[in-house]
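Trainee: Have a look at this one before I ask anything.
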Amino acid sequence: MMLPVEEAVALLRDQEGVQVIAHIDADGIASAAIAARALERAGIPHEIRFLKQIESAVVESLPDTFHWFVDLGSGSLDLLRGRRFLISDHHPPSGAWPPVDRTRRGDLGAYVPPSDMVMVNPHLSNLDGATEVSGAGATYLIARGMDGTNVDLAHVAIIGAVGDLQDARDRRLVGLNRTILEDAVEAGAVEVVRDLRLFGRETRAVHKFLAYADDPDIPGIRNDPAAALDLIRSAGVRPRTDGGWRSWSDLSTDERRRILSALVRHMILHGRSGDDVRRLMGEVYILTAGEPGTPTREAKEFATLLNACGRYDRAEVGLRLLLGDEDARRDAMDLLQAHRRNLMDAIRAVREEVVTRGSLQYFDAGASVRDTIIGIVAGMLLSSEGIDAALPMFGFAEAVSESGEPMLKVSARMERSLRGTLDLDRVVKEAASAVDGFGGGHDIAAGGAIPAGRRDEFLAVAERIVREMMEAGGFRTAGDGDGGEDGGTHGNGDPTGHPRRVAPQGPDTGFGSM
C-alpha cells in the first residue's frame, strides 16, 4: 500500500481544480501558503478560502469540486462524508472511519479512500499532533512529495508549528517537526540558536522583553519594566543608546551572557526551581530572509503577525505576506498593532470577571471581546496574578456562525503541567455535544461553539468531566461534587547564542556554554 503522503500527492495530481480551505490562525495561514505555492508549481488551478470552523451550513454551501482542508477538517469527518477531499491536519480525528494503519510509527496515517478521500494526520500513526507536527507540517510533507523544490517552503511550516506552540513543551521542535526543521536549515532559510526563549527578541525593548515573559514568568520583574531595567543595569549592560531602546537581538553575545547570569541568580534567589530556570533557555528559529528588528525575522514573532491577520478577518494579508507580497507588510503591521491593543483591552475587561466553578474557572466576555481572540485571552489570563494556574480556564464570547446564526464561542486552555491528567479536546468535545454544539482541539487547548443561552449547561458537563479526570489522576478537586457554583471571583511571549546547524535530538544538557 502506498504511503499516505504518496496517496495524497497522487490524488492532487488527478484534480483539474482545487479549493483550499484553511483555518484562520498562524498554522492555518502557513498551511494555506504552502498548499497554494505547491499547487501553483504543479500547474493545478486553485483558490483559497479561510474559515473559523467547519459547520454543516458551510459544508452544504461548498461547490462541487475537490477540496483540500488544511489545519482543519479532522474533527468534521461526518460532515464531509461523501465528498471528494484531502485533509492535512494535526487535530484529533472524529473517528468516523478506521485508519489504514495505527501500528507504523513515523509515517503519517490516512483514511481508506473509498471515494477520493484521504487524510494525512499524525494521530493516525500514534504521533502527537500537539508537539510532533502541525497542520502546516503535514501540508509541507505533501508539498515536498509533489516536488522536491518545495523544500524552500519548510520555513513556512516552522512558522506554523511555532505559532501552534509545538516547541513549548521541550523548548525545541521534536518529531516530524525536527525533520522539517532540518530541511529549512539545509535550504538556508532558518538558523537555529540556543537562547532565551522569551517573546519579542527582535521588536521589544530589552527591559520589556524580560518584564512581559510568561514561560516562565520572572518573579520580581513580571509586568514591571522598571525592575527589569534595574536588573539589566546591574549586569553592566546599557539598555538604550542614542538611537533609542535596544532589543535583545541588538545586544552583543557578552551582554546577553551577563544579563542571563544575573537573571539566573535572580530566579534562584526568588525561590524558583531548576525546571523554571531551565525553561528560560531553548531553541529560537531565526528566519534568514526576514529584516532584522522586525517580526519577520523570528518564527514566534512572525507567527504572531499572522495571527493578527487571521483573528481580524484578514487572513489573506498573512497569506500574501508569506507568498512574498511586500505590499502586504504594512497592512499586517497595522493589524498587529490593533491586535496588541485589543488583547490588553480584553485582559482589563475580563480579569476581574473570572469565576471558579469546582474544578475549572471561566469568564464570559459577552460582546466585549472578539470571539477570534478569546482563546488567546484565556491563555494569557492563566499566567496572570490572582489566577489559579492549577485549574483549566474556559472563556466565552458572543459570536455568529458562518451561516449567520448567533452562538457562543468557547475556548479552553490549561497549563502544560496538567498534560496527562486533563484532556481538553475530550472535555470540550463532549460538553459541547451535550448541548447541541461542537468542539475539539488538543489536550492543552481546545475550542468550540454552543447555542447561545446554554453556557451553564455546558459548564456543568465540562466541570464534571474535568473533576473526574483530576480525581483519576490523584488531584484533589474543589466543590461538593454537584457541579454547581462555588462562588467567588478572581480579580504577553525569545535569546543568546550563535546560529548553528540542527543538533541531533537528544537529552537537554541545561544551559551549557554559550
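Chains: A, B, ... in order of the C-alpha cells. Residues: from 1 per chain. Ligands: from 1, in order shown.
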Would you mind listing what lies within 7 Å of segment 365-371 of chain A as a list in words, with only C-alpha atoms counted and same-chain residues fewer than 5 positions away left out?

Mentor: Ala346, Val350, Phe396, Ala397, Glu398, Ala399 and Lys409 of chain A

Trainee: Given the selection you just returned, output its residues as a file containing N, CA and C atoms, formatted as an mmCIF file, in the first residue's frame.

Mentor:
data_model
loop_
_atom_site.group_PDB
_atom_site.id
_atom_site.type_symbol
_atom_site.label_atom_id
_atom_site.label_comp_id
_atom_site.auth_asym_id
_atom_site.auth_seq_id
_atom_site.Cartn_x
_atom_site.Cartn_y
_atom_site.Cartn_z
ATOM 1 N N ALA A 346 -8.850 43.556 26.298
ATOM 2 C CA ALA A 346 -9.622 42.368 26.669
ATOM 3 C C ALA A 346 -9.234 41.860 28.047
ATOM 4 N N VAL A 350 -11.817 41.492 31.402
ATOM 5 C CA VAL A 350 -12.312 40.220 31.949
ATOM 6 C C VAL A 350 -11.567 39.711 33.171
ATOM 7 N N PHE A 396 -15.658 32.484 27.199
ATOM 8 C CA PHE A 396 -16.834 32.539 26.336
ATOM 9 C C PHE A 396 -16.950 33.927 25.712
ATOM 10 N N ALA A 397 -17.426 33.980 24.487
ATOM 11 C CA ALA A 397 -17.674 35.249 23.808
ATOM 12 C C ALA A 397 -18.802 35.067 22.807
ATOM 13 N N GLU A 398 -19.600 36.114 22.660
ATOM 14 C CA GLU A 398 -20.662 36.068 21.665
ATOM 15 C C GLU A 398 -20.060 35.988 20.269
ATOM 16 N N ALA A 399 -20.712 35.222 19.406
ATOM 17 C CA ALA A 399 -20.210 35.030 18.047
ATOM 18 C C ALA A 399 -21.380 34.795 17.109
ATOM 19 N N LYS A 409 -19.033 31.300 21.438
ATOM 20 C CA LYS A 409 -17.724 30.680 21.226
ATOM 21 C C LYS A 409 -17.136 30.312 22.580
#

Trainee: Contacts of Asp214 of chain A at 9 Å or less, counting only C-alpha atoms, minus same-chain residues fewer than 2 places along, as a PDB file with N, CA and C atoms, in the first residue's frame?

Mentor:
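Output file part_36.pdb is given in full below:
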ATOM      1  N   LEU A 198      12.098  33.830  25.339  1.00  0.00           N
ATOM      2  CA  LEU A 198      11.034  34.796  25.555  1.00  0.00           C
ATOM      3  C   LEU A 198      10.593  35.447  24.250  1.00  0.00           C
ATOM      4  N   PHE A 199       9.355  35.943  24.272  1.00  0.00           N
ATOM      5  CA  PHE A 199       8.791  36.538  23.059  1.00  0.00           C
ATOM      6  C   PHE A 199       9.269  37.978  22.880  1.00  0.00           C
ATOM      7  N   ALA A 211      10.320  41.780  31.203  1.00  0.00           N
ATOM      8  CA  ALA A 211       9.198  42.046  32.100  1.00  0.00           C
ATOM      9  C   ALA A 211       7.925  41.328  31.687  1.00  0.00           C
ATOM     10  N   TYR A 212       7.738  41.127  30.404  1.00  0.00           N
ATOM     11  CA  TYR A 212       6.491  40.515  29.954  1.00  0.00           C
ATOM     12  C   TYR A 212       6.658  39.048  29.602  1.00  0.00           C
ATOM     13  N   PRO A 216       9.105  30.845  31.408  1.00  0.00           N
ATOM     14  CA  PRO A 216       8.432  31.119  32.675  1.00  0.00           C
ATOM     15  C   PRO A 216       8.331  32.626  32.917  1.00  0.00           C
ATOM     16  N   ASP A 217       7.459  33.002  33.845  1.00  0.00           N
ATOM     17  CA  ASP A 217       7.454  34.391  34.279  1.00  0.00           C
ATOM     18  C   ASP A 217       8.609  34.595  35.256  1.00  0.00           C
ATOM     19  N   ILE A 218       9.066  35.815  35.387  1.00  0.00           N
ATOM     20  CA  ILE A 218      10.246  36.105  36.206  1.00  0.00           C
ATOM     21  C   ILE A 218       9.801  36.867  37.453  1.00  0.00           C
ATOM     22  N   ARG A 222       8.169  40.514  36.734  1.00  0.00           N
ATOM     23  CA  ARG A 222       6.956  40.295  35.959  1.00  0.00           C
ATOM     24  C   ARG A 222       6.087  41.548  35.930  1.00  0.00           C
ATOM     25  N   MET A 380      -3.588  33.904  28.197  1.00  0.00           N
ATOM     26  CA  MET A 380      -2.883  34.986  28.883  1.00  0.00           C
ATOM     27  C   MET A 380      -3.342  35.111  30.335  1.00  0.00           C
ATOM     28  N   SER A 383      -1.595  33.045  33.083  1.00  0.00           N
ATOM     29  CA  SER A 383      -0.293  33.472  33.598  1.00  0.00           C
ATOM     30  C   SER A 383      -0.392  34.798  34.341  1.00  0.00           C
ATOM     31  N   SER A 384      -1.611  35.215  34.670  1.00  0.00           N
ATOM     32  CA  SER A 384      -1.810  36.469  35.383  1.00  0.00           C
ATOM     33  C   SER A 384      -1.860  36.245  36.883  1.00  0.00           C
ATOM     34  N   ASN A 492       2.003  39.767  27.708  1.00  0.00           N
ATOM     35  CA  ASN A 492       2.116  38.591  26.762  1.00  0.00           C
ATOM     36  C   ASN A 492       3.520  38.330  26.705  1.00  0.00           C
ATOM     37  N   GLY A 493       5.020  36.176  24.671  1.00  0.00           N
ATOM     38  CA  GLY A 493       5.769  35.676  24.630  1.00  0.00           C
ATOM     39  C   GLY A 493       7.014  35.866  23.990  1.00  0.00           C
TER      40      GLY A 493
END

Trainee: List the neighbours of Ala332 of chain A out to 12 Å using only C-alpha atoms; skip same-chain residues closer than 4 positions along the sequence, and give me the result as an mmCIF file with N, CA and C atoms, in the first residue's frame.

Mentor:
data_model
loop_
_atom_site.group_PDB
_atom_site.id
_atom_site.type_symbol
_atom_site.label_atom_id
_atom_site.label_comp_id
_atom_site.auth_asym_id
_atom_site.auth_seq_id
_atom_site.Cartn_x
_atom_site.Cartn_y
_atom_site.Cartn_z
ATOM 1 N N THR A 294 12.495 43.289 12.914
ATOM 2 C CA THR A 294 11.080 43.245 12.536
ATOM 3 C C THR A 294 10.508 41.874 12.898
ATOM 4 N N PRO A 295 9.177 41.744 12.949
ATOM 5 C CA PRO A 295 8.571 40.455 13.297
ATOM 6 C C PRO A 295 8.851 39.345 12.298
ATOM 7 N N THR A 296 9.257 39.690 11.076
ATOM 8 C CA THR A 296 9.504 38.650 10.075
ATOM 9 C C THR A 296 10.862 37.981 10.233
ATOM 10 N N PHE A 302 6.846 36.221 13.821
ATOM 11 C CA PHE A 302 6.167 36.119 12.528
ATOM 12 C C PHE A 302 4.813 35.430 12.722
ATOM 13 N N ALA A 303 4.764 34.395 13.550
ATOM 14 C CA ALA A 303 3.502 33.702 13.797
ATOM 15 C C ALA A 303 2.477 34.640 14.426
ATOM 16 N N THR A 304 2.930 35.491 15.346
ATOM 17 C CA THR A 304 2.021 36.459 15.959
ATOM 18 C C THR A 304 1.499 37.440 14.915
ATOM 19 N N LEU A 305 2.359 37.828 13.985
ATOM 20 C CA LEU A 305 1.940 38.712 12.892
ATOM 21 C C LEU A 305 0.837 38.049 12.062
ATOM 22 N N LEU A 306 1.004 36.754 11.771
ATOM 23 C CA LEU A 306 -0.014 36.030 11.017
ATOM 24 C C LEU A 306 -1.311 35.910 11.804
ATOM 25 N N ASN A 307 -1.194 35.632 13.090
ATOM 26 C CA ASN A 307 -2.389 35.549 13.934
ATOM 27 C C ASN A 307 -3.158 36.863 13.931
ATOM 28 N N ALA A 308 -2.418 37.968 13.962
ATOM 29 C CA ALA A 308 -3.074 39.276 13.958
ATOM 30 C C ALA A 308 -3.884 39.480 12.685
ATOM 31 N N CYS A 309 -3.435 38.897 11.585
ATOM 32 C CA CYS A 309 -4.195 38.990 10.334
ATOM 33 C C CYS A 309 -5.444 38.118 10.403
ATOM 34 N N GLY A 310 -5.267 36.860 10.762
ATOM 35 C CA GLY A 310 -6.388 35.934 10.749
ATOM 36 C C GLY A 310 -7.466 36.240 11.761
ATOM 37 N N ARG A 311 -7.064 36.700 12.945
ATOM 38 C CA ARG A 311 -8.044 36.946 14.009
ATOM 39 C C ARG A 311 -8.910 38.169 13.738
ATOM 40 N N TYR A 312 -8.543 38.963 12.736
ATOM 41 C CA TYR A 312 -9.320 40.158 12.407
ATOM 42 C C TYR A 312 -9.843 40.100 10.976
ATOM 43 N N ASP A 313 -10.149 38.866 10.550
ATOM 44 C CA ASP A 313 -10.799 38.628 9.260
ATOM 45 C C ASP A 313 -9.967 39.086 8.075
ATOM 46 N N ARG A 314 -8.631 39.080 8.232
ATOM 47 C CA ARG A 314 -7.740 39.490 7.133
ATOM 48 C C ARG A 314 -6.667 38.434 6.907
ATOM 49 N N ALA A 315 -7.052 37.169 6.965
ATOM 50 C CA ALA A 315 -6.079 36.092 6.793
ATOM 51 C C ALA A 315 -5.363 36.184 5.458
ATOM 52 N N GLU A 316 -6.055 36.738 4.456
ATOM 53 C CA GLU A 316 -5.435 36.836 3.127
ATOM 54 C C GLU A 316 -4.218 37.745 3.143
ATOM 55 N N VAL A 317 -4.164 38.705 4.085
ATOM 56 C CA VAL A 317 -2.991 39.569 4.203
ATOM 57 C C VAL A 317 -1.777 38.736 4.628
ATOM 58 N N GLY A 318 -1.969 37.864 5.619
ATOM 59 C CA GLY A 318 -0.890 36.981 6.038
ATOM 60 C C GLY A 318 -0.463 36.040 4.933
ATOM 61 N N LEU A 319 -1.428 35.536 4.177
ATOM 62 C CA LEU A 319 -1.115 34.655 3.052
ATOM 63 C C LEU A 319 -0.260 35.388 2.028
ATOM 64 N N ARG A 320 -0.654 36.597 1.676
ATOM 65 C CA ARG A 320 0.118 37.384 0.698
ATOM 66 C C ARG A 320 1.531 37.652 1.213
ATOM 67 N N LEU A 321 1.652 37.925 2.492
ATOM 68 C CA LEU A 321 2.966 38.198 3.071
ATOM 69 C C LEU A 321 3.864 36.969 2.954
ATOM 70 N N LEU A 322 3.333 35.794 3.293
ATOM 71 C CA LEU A 322 4.117 34.562 3.200
ATOM 72 C C LEU A 322 4.498 34.226 1.760
ATOM 73 N N ASP A 325 4.514 38.963 -1.060
ATOM 74 C CA ASP A 325 3.939 40.247 -1.442
ATOM 75 C C ASP A 325 4.335 41.288 -0.398
ATOM 76 N N GLU A 326 5.322 42.099 -0.706
ATOM 77 C CA GLU A 326 5.823 43.083 0.255
ATOM 78 C C GLU A 326 4.799 44.172 0.549
ATOM 79 N N ASP A 327 3.845 44.393 -0.368
ATOM 80 C CA ASP A 327 2.816 45.392 -0.112
ATOM 81 C C ASP A 327 1.925 44.991 1.057
ATOM 82 N N ALA A 328 1.919 43.692 1.387
ATOM 83 C CA ALA A 328 1.087 43.216 2.495
ATOM 84 C C ALA A 328 1.700 43.528 3.849
ATOM 85 N N LEU A 336 -1.277 44.053 13.458
ATOM 86 C CA LEU A 336 -0.573 43.622 14.663
ATOM 87 C C LEU A 336 -0.712 44.651 15.769
ATOM 88 N N GLN A 337 -0.572 45.911 15.439
ATOM 89 C CA GLN A 337 -0.720 46.954 16.451
ATOM 90 C C GLN A 337 -2.127 46.940 17.040
ATOM 91 N N ALA A 338 -3.126 46.790 16.191
ATOM 92 C CA ALA A 338 -4.505 46.726 16.678
ATOM 93 C C ALA A 338 -4.716 45.473 17.530
ATOM 94 N N HIS A 339 -4.108 44.374 17.138
ATOM 95 C CA HIS A 339 -4.214 43.114 17.887
ATOM 96 C C HIS A 339 -3.665 43.275 19.301
#

Trainee: Mind checking which residues fall within 10 Å of Glu132 of chain A, counting only C-alpha atoms, ignoring those fewer than 4 positions away in the same chain, and posting them as a ChimeraX atom specification?

Mentor: /A:90,122-123,127-128,137,161,166-167,173-179

Trainee: Using C-alpha atoms, can you write the selected residues to a file as a PDB file, in the first residue's frame?

Mentor:
ATOM      1  CA  HIS A  90      -2.927  17.676  13.194  1.00  0.00           C
ATOM      2  CA  PRO A 122      -0.175  12.371  12.776  1.00  0.00           C
ATOM      3  CA  HIS A 123      -2.744  10.916  15.168  1.00  0.00           C
ATOM      4  CA  LEU A 127       2.151  10.637  16.774  1.00  0.00           C
ATOM      5  CA  ASP A 128       1.369  13.659  18.929  1.00  0.00           C
ATOM      6  CA  GLY A 137       3.945  20.493   8.705  1.00  0.00           C
ATOM      7  CA  ALA A 161       4.483  24.881  14.173  1.00  0.00           C
ATOM      8  CA  GLN A 166       4.696  22.972  19.263  1.00  0.00           C
ATOM      9  CA  ASP A 167       8.154  23.856  20.580  1.00  0.00           C
ATOM     10  CA  LEU A 173      10.857  21.279  17.888  1.00  0.00           C
ATOM     11  CA  VAL A 174      10.672  17.492  18.009  1.00  0.00           C
ATOM     12  CA  GLY A 175       9.337  14.581  15.954  1.00  0.00           C
ATOM     13  CA  LEU A 176       8.450  15.246  12.333  1.00  0.00           C
ATOM     14  CA  ASN A 177       8.885  18.946  13.045  1.00  0.00           C
ATOM     15  CA  ARG A 178      12.584  18.146  13.502  1.00  0.00           C
ATOM     16  CA  THR A 179      12.792  16.638  10.023  1.00  0.00           C
TER      17      THR A 179
END

Trainee: Using DSSP on the backbone, list every residue of segment 39-236 of chain A that comes out as alpha helix (DSSP H), and give them as JSON, numbers by chain.

Mentor: {"A": [39, 40, 41, 56, 57, 58, 59, 60, 61, 77, 78, 79, 80, 135, 136, 137, 138, 139, 140, 141, 142, 143, 144, 145, 146, 154, 155, 156, 157, 158, 159, 160, 161, 162, 163, 176, 177, 178, 179, 180, 181, 182, 183, 184, 185, 186, 206, 207, 208, 209, 210, 211, 225, 226, 227, 228, 229, 230, 231, 232, 233, 234]}

Trainee: If we count only C-alpha atoms, what is near Phe50 of chain A at a cut-off of 6 Å, once residues fewer than 5 positions away on the same chain are taken out, given as a ChimeraX atom specification?

Mentor: /A:21-24

Trainee: Save the residues we just selected, N, CA and C atoms, as a PDB file, in the first residue's frame?

Mentor:
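Dumped to part-v8.pdb:
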ATOM      1  N   ILE A  21      -9.181  25.012   1.729  1.00  0.00           N
ATOM      2  CA  ILE A  21      -9.926  25.600   2.848  1.00  0.00           C
ATOM      3  C   ILE A  21      -9.045  25.521   4.085  1.00  0.00           C
ATOM      4  N   ALA A  22      -8.735  26.680   4.652  1.00  0.00           N
ATOM      5  CA  ALA A  22      -7.744  26.766   5.727  1.00  0.00           C
ATOM      6  C   ALA A  22      -8.325  27.431   6.953  1.00  0.00           C
ATOM      7  N   HIS A  23      -7.744  27.098   8.096  1.00  0.00           N
ATOM      8  CA  HIS A  23      -8.100  27.755   9.347  1.00  0.00           C
ATOM      9  C   HIS A  23      -7.476  29.152   9.368  1.00  0.00           C
ATOM     10  N   ILE A  24      -7.982  30.013  10.279  1.00  0.00           N
ATOM     11  CA  ILE A  24      -7.587  31.422  10.270  1.00  0.00           C
ATOM     12  C   ILE A  24      -6.380  31.736  11.145  1.00  0.00           C
TER      13      ILE A  24
END
